[in-house]
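Visitor: Before we start, here is the structure in question, set down as structure tokens.
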Amino acid sequence: MPNLLAKGRLARWSGVAGASLATLTTMAGTVLAAAAEHAPDAAHGGEHASGGLPQLNPANFPTQIFWLALTFGVLYYLMSKKALPRVAEVLEARQERISRDLAKAAQLKEEAEAILAQVEKSLAGARSQAQGVIAEASAEIEANNQARQAQLNADISERLRNAEASIAAAKEQALANIRAESTGIVQDITGRLAGVEVDQAQADAAVAAVLEERRG
Amino acid sequence: MDPLHQFQINPLFQIVLGGYDVSFTNSAFFMVVAVAAIYALLVMGVANKSMVPGRLQSLAEMFYEFVANLVRDNAGHDARPYFPFVFSIFMFVLIGNMIGMIPYTFTFTSHIIVTFALAATVFVFVTILALMKHGLHFFSFFMPHGAPIALAPILIPIEVISYVMRPVSLSIRLFANMMAGHTMLKVFAGFTVMMISGMGALGFVTGLVPLAINVALTGFEFLVAFLQAYVFSILTCLYIRDALELH
């Protein structure tokens with residue numbers, strides 16, 4: 001309970017307050033009682049004629065003390081032997097349960113953390129293994145590619161060379177044909193136009209010279 | 001209309017024991033009701049032994065822990081064995097006060113003989129405790145530590161008187177508070193009734209003033225009912241601490 005109720009002061013204060021209130025209200029009560037007694041319709045007028053506070057009537061003391069001793073004795077017995085141990089038992093059981101649950105929770109947390117560490121470890125292992133596999137595969141693919149590329153290049157240059165050779169052959173062939181044709185044409189033209197008979201060797205030399213000139 | 005009528009002791013049936021009149025009275029009846037209510041609250045409250053307490057169990061546990069803290073904080077750890085005693089005192093006074101707040105009941109804590117007998121029980125208990133714990137050394141309690149020996153003739157009587165007056169102040173505090181509060185409630189209620197019977201129609205209006213005061217006083221009385229039980233048991237705890245530690 002609050003510390004704001006300073007014990008000593010509270011007790012003293014409430015004692016003083018209680019005592020003064022008691023005095024005041026007893027006075028007020030006596031006045032009121034007197035008024036009630038004088039009132040014509042006071043029903044209980046005669047009843048408290050025995051007078052004074054019922055609390056101060058010693059005739060009532062033995063019964064009150066007797067029943068207080070009896071009831072308080074029974075209360076103390078019931079509290080100390082029956083009721084309080086049961087409440088304490090419940091409170092202790094709860095406290096025990098709470099600490100047991102807390103311990104269990106801590107243990108489970110520890111286990112979970114161990115499992116998590118293990119999982120992370122195997123995950124890291126798997127990751128590095130996967131990277132190895134990937135690197136291996138990409139190296140293999142790279143090598144494969146290069147081999148194929150080289151093969152392809154060799155193939156292409158082989159074909160190019162063949163094509164060039166055949167083109168050159170065809171060209172030689174064509175040039176030779178042109179020279180032969182040209183020699184005939186030159187002989188024919190000079191014979192018709194100039195009436196000069198040019199023999200084949202001369203015509204051929206001339207065509208060769210012109211061809212040479214053009215080519216150069 | 002007599003505000004003191006509520007404190008009247010009425011025998012319900014006559015019992016005479018060894019020449020003394022120990023009739024079962026309205027006061028005795030409500031003492032029995034208080035004990036039954038306290039026992040029922042605690043035993044029924046924890047009957048289920050629930051891990052998560054219900055309303056009644058929470059109340060029982062709250063009272064237990066409240067008084068347990070009270071004893072620990074004010075009487076020290078050595079006072080653990082006297083917890084049931086303080087608990088019985090607190091609950092008996094608290095429930096006695098609270099029963100008194102129900103109309104037509106009887107407030108046994110408003111009787112000086114009851115509060116004095118309770119306070120005397122505390123006094124005797126504490127004195128026996130101190131004597132058992134410290135033997136004759138207990139009487140050094142009446143001479144404050146470090147006070148000059150020359151002052152002993154003055155100090156010792158003062159300390160003895162203040163020690164012997166403990167049950168008196170303890171009992172009068174509770175009795176006076178309870179009686180004053182209950183008388184006041186009756187007085188103000190009486191004003192309302194007088195105004196209505198005396199002033200006729202106007203009385204119904206003016207009678208509202210003491211009625212409003214009575215409503216506030218009722219709330220105040222609940223506070224006092226708790227506070228006085230608290231003060232009574234806290235002082236019991238402090239006396240137990242004195243008995244255990246002497247200084």
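Residues are referred to by chain and number: the chain letter is A, B, ... according to the order shown in the structure tokens, the number counts from 1 in that chain, and ligands are numbered separately from 1 in the order shown.
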I need the chain B residues near chain A as a ChimeraX atom specification; criterion: at most 8 Å, counting only C-alpha atoms.

Guide: /B:1-5,7-9,20-25,27-28,31-32,35,39,42-43,46,49-51,60-61,64,66,70,84-85,87-88,92,110-114,117,169,172-174,176-181,183-184,187,231,234

Visitor: Write out as a list in words the set of residues from chain B that DSSP, computed on the backbone, places in strand (DSSP E or B).

Guide: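 Assigned to strand (DSSP E or B), within chain B: Pro11, Leu12, Phe13, Val16, Leu17, Tyr20, Asp21, Phe24 and Thr25 of chain B.
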
Visitor: Please report, as a tab-separated table (two decimals) with C-alpha atoms, in the first residue's frame, each residue of range 49-231 of chain B to which DSSP assigns alpha helix (DSSP H) when run on this structure's backbone.

Guide:
chain	number	residue	atom	x	y	z
B	55	ARG	CA	-12.59	-12.81	-9.83
B	56	LEU	CA	-13.02	-14.46	-6.45
B	57	GLN	CA	-9.59	-16.07	-6.54
B	58	SER	CA	-7.99	-12.75	-7.50
B	59	LEU	CA	-9.67	-11.15	-4.50
B	60	ALA	CA	-8.47	-13.87	-2.14
B	61	GLU	CA	-4.92	-13.68	-3.54
B	62	MET	CA	-5.00	-9.89	-3.42
B	63	PHE	CA	-5.86	-9.89	0.30
B	64	TYR	CA	-3.19	-12.51	0.96
B	65	GLU	CA	-0.46	-10.61	-0.86
B	66	PHE	CA	-1.56	-7.25	0.51
B	67	VAL	CA	-1.23	-8.43	4.11
B	68	ALA	CA	1.90	-10.46	3.31
B	69	ASN	CA	3.56	-7.30	1.95
B	70	LEU	CA	2.30	-5.33	4.93
B	71	VAL	CA	3.90	-7.80	7.34
B	72	ARG	CA	7.14	-8.02	5.36
B	73	ASP	CA	7.54	-4.27	4.95
B	74	ASN	CA	6.57	-3.26	8.48
B	75	ALA	CA	7.46	-6.17	10.71
B	83	PHE	CA	1.43	-13.47	9.30
B	84	PRO	CA	-1.75	-15.52	10.03
B	85	PHE	CA	-2.31	-13.45	13.17
B	86	VAL	CA	-2.00	-10.12	11.35
B	87	PHE	CA	-4.08	-11.48	8.50
B	88	SER	CA	-6.86	-12.53	10.90
B	89	ILE	CA	-6.78	-9.11	12.58
B	90	PHE	CA	-6.88	-7.24	9.27
B	91	MET	CA	-9.67	-9.33	7.76
B	92	PHE	CA	-11.75	-9.35	10.95
B	93	VAL	CA	-11.59	-5.58	11.30
B	94	LEU	CA	-11.99	-4.89	7.56
B	95	ILE	CA	-14.94	-7.22	7.04
B	96	GLY	CA	-16.47	-6.06	10.34
B	97	ASN	CA	-16.23	-2.45	9.14
B	98	MET	CA	-17.53	-3.31	5.67
B	99	ILE	CA	-20.48	-5.32	6.98
B	100	GLY	CA	-21.35	-2.22	8.98
B	112	ILE	CA	-15.12	-0.04	22.46
B	113	ILE	CA	-15.12	-3.33	24.32
B	114	VAL	CA	-14.62	-5.27	21.06
B	115	THR	CA	-11.85	-3.03	19.74
B	116	PHE	CA	-10.24	-2.92	23.17
B	117	ALA	CA	-10.31	-6.70	23.48
B	118	LEU	CA	-8.72	-6.98	20.03
B	119	ALA	CA	-6.09	-4.38	20.87
B	120	ALA	CA	-5.43	-6.09	24.21
B	121	THR	CA	-4.97	-9.38	22.35
B	122	VAL	CA	-2.37	-7.67	20.17
B	123	PHE	CA	-0.74	-6.11	23.23
B	124	VAL	CA	-0.56	-9.37	25.19
B	125	PHE	CA	0.62	-11.27	22.12
B	126	VAL	CA	3.37	-8.75	21.38
B	127	THR	CA	4.52	-8.57	25.00
B	128	ILE	CA	4.69	-12.36	25.35
B	129	LEU	CA	6.53	-12.52	22.02
B	130	ALA	CA	9.10	-9.99	23.21
B	131	LEU	CA	9.56	-11.74	26.56
B	132	MET	CA	10.01	-15.12	24.90
B	133	LYS	CA	12.47	-13.72	22.40
B	134	HIS	CA	14.56	-11.50	24.66
B	152	ALA	CA	16.26	7.39	33.34
B	153	PRO	CA	13.86	8.39	36.14
B	154	ILE	CA	11.97	10.54	33.62
B	155	LEU	CA	12.36	8.46	30.48
B	156	ILE	CA	11.45	5.07	31.90
B	157	PRO	CA	8.03	6.10	33.23
B	158	ILE	CA	7.28	7.90	29.95
B	159	GLU	CA	8.25	4.86	27.91
B	160	VAL	CA	6.31	2.49	30.18
B	161	ILE	CA	3.21	4.69	29.96
B	162	SER	CA	3.47	4.99	26.21
B	163	TYR	CA	3.87	1.21	25.95
B	164	VAL	CA	0.89	0.50	28.18
B	166	ARG	CA	-0.75	1.27	23.05
B	167	PRO	CA	-3.88	-0.90	23.34
B	168	VAL	CA	-5.86	2.12	24.52
B	169	SER	CA	-4.93	4.28	21.53
B	170	LEU	CA	-5.25	1.33	19.16
B	171	SER	CA	-8.76	0.49	20.35
B	172	ILE	CA	-10.06	4.05	20.72
B	173	ARG	CA	-8.86	4.99	17.24
B	174	LEU	CA	-10.87	2.24	15.61
B	175	PHE	CA	-13.89	2.53	17.87
B	176	ALA	CA	-14.08	6.32	17.61
B	177	ASN	CA	-13.76	6.33	13.82
B	178	MET	CA	-16.41	3.71	13.32
B	179	MET	CA	-18.84	5.14	15.85
B	180	ALA	CA	-18.37	8.70	14.64
B	181	GLY	CA	-18.89	7.80	11.01
B	182	HIS	CA	-21.99	5.73	11.61
B	183	THR	CA	-23.49	8.29	13.98
B	184	MET	CA	-22.89	11.02	11.44
B	185	LEU	CA	-24.64	9.05	8.70
B	186	LYS	CA	-27.64	8.61	10.98
B	187	VAL	CA	-27.63	12.26	12.05
B	188	PHE	CA	-27.68	13.56	8.48
B	189	ALA	CA	-30.27	10.99	7.47
B	190	GLY	CA	-32.29	12.20	10.46
B	191	PHE	CA	-32.04	15.81	9.22
B	192	THR	CA	-33.60	14.80	5.91
B	193	VAL	CA	-36.45	12.99	7.62
B	194	MET	CA	-37.02	15.89	10.03
B	195	MET	CA	-37.08	18.41	7.19
B	196	ILE	CA	-39.62	16.39	5.24
B	197	SER	CA	-41.88	15.85	8.24
B	198	GLY	CA	-41.43	19.41	9.49
B	199	MET	CA	-41.54	21.54	6.34
B	201	ALA	CA	-43.34	20.02	0.39
B	202	LEU	CA	-40.41	22.40	0.96
B	203	GLY	CA	-38.78	19.70	3.04
B	204	PHE	CA	-38.43	17.47	0.00
B	205	VAL	CA	-36.20	20.16	-1.56
B	206	THR	CA	-34.18	21.24	1.46
B	208	LEU	CA	-31.76	16.99	-0.51
B	209	VAL	CA	-28.86	18.90	1.08
B	210	PRO	CA	-28.24	16.52	4.00
B	211	LEU	CA	-29.01	13.65	1.63
B	212	ALA	CA	-26.22	14.80	-0.71
B	213	ILE	CA	-23.88	15.13	2.27
B	214	ASN	CA	-24.86	11.61	3.30
B	215	VAL	CA	-23.98	10.25	-0.14
B	216	ALA	CA	-20.51	11.80	0.13
B	217	LEU	CA	-20.17	10.58	3.72
B	218	THR	CA	-21.04	7.05	2.67
B	219	GLY	CA	-18.15	7.06	0.20
B	220	PHE	CA	-15.93	8.53	2.89
B	221	GLU	CA	-17.05	5.83	5.32
B	222	PHE	CA	-15.94	3.10	2.93
B	223	LEU	CA	-12.51	4.74	2.85
B	224	VAL	CA	-12.45	4.95	6.65
B	225	ALA	CA	-13.58	1.32	6.94
B	226	PHE	CA	-10.59	0.22	4.88
B	227	LEU	CA	-8.17	2.74	6.33
B	228	GLN	CA	-8.89	1.82	9.94
B	229	ALA	CA	-8.38	-1.87	9.24
B	230	TYR	CA	-5.13	-0.93	7.52
B	231	VAL	CA	-3.98	1.28	10.39

Visitor: How many Å lie between CA of Asn10 in chain B and CA of Ala36 in chain B, rounded to one decimal?

Guide: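 Computing the Euclidean distance for CA of Asn10 in chain B and CA of Ala36 in chain B yields 20.8 Å.
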
Visitor: At what distance in Å, to one decimal, does CA of Thr236 in chain B lie from CA of Asp78 in chain B?

Guide: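 Straight-line distance from CA of Asp78 in chain B to CA of Thr236 in chain B works out to 14.5 Å.
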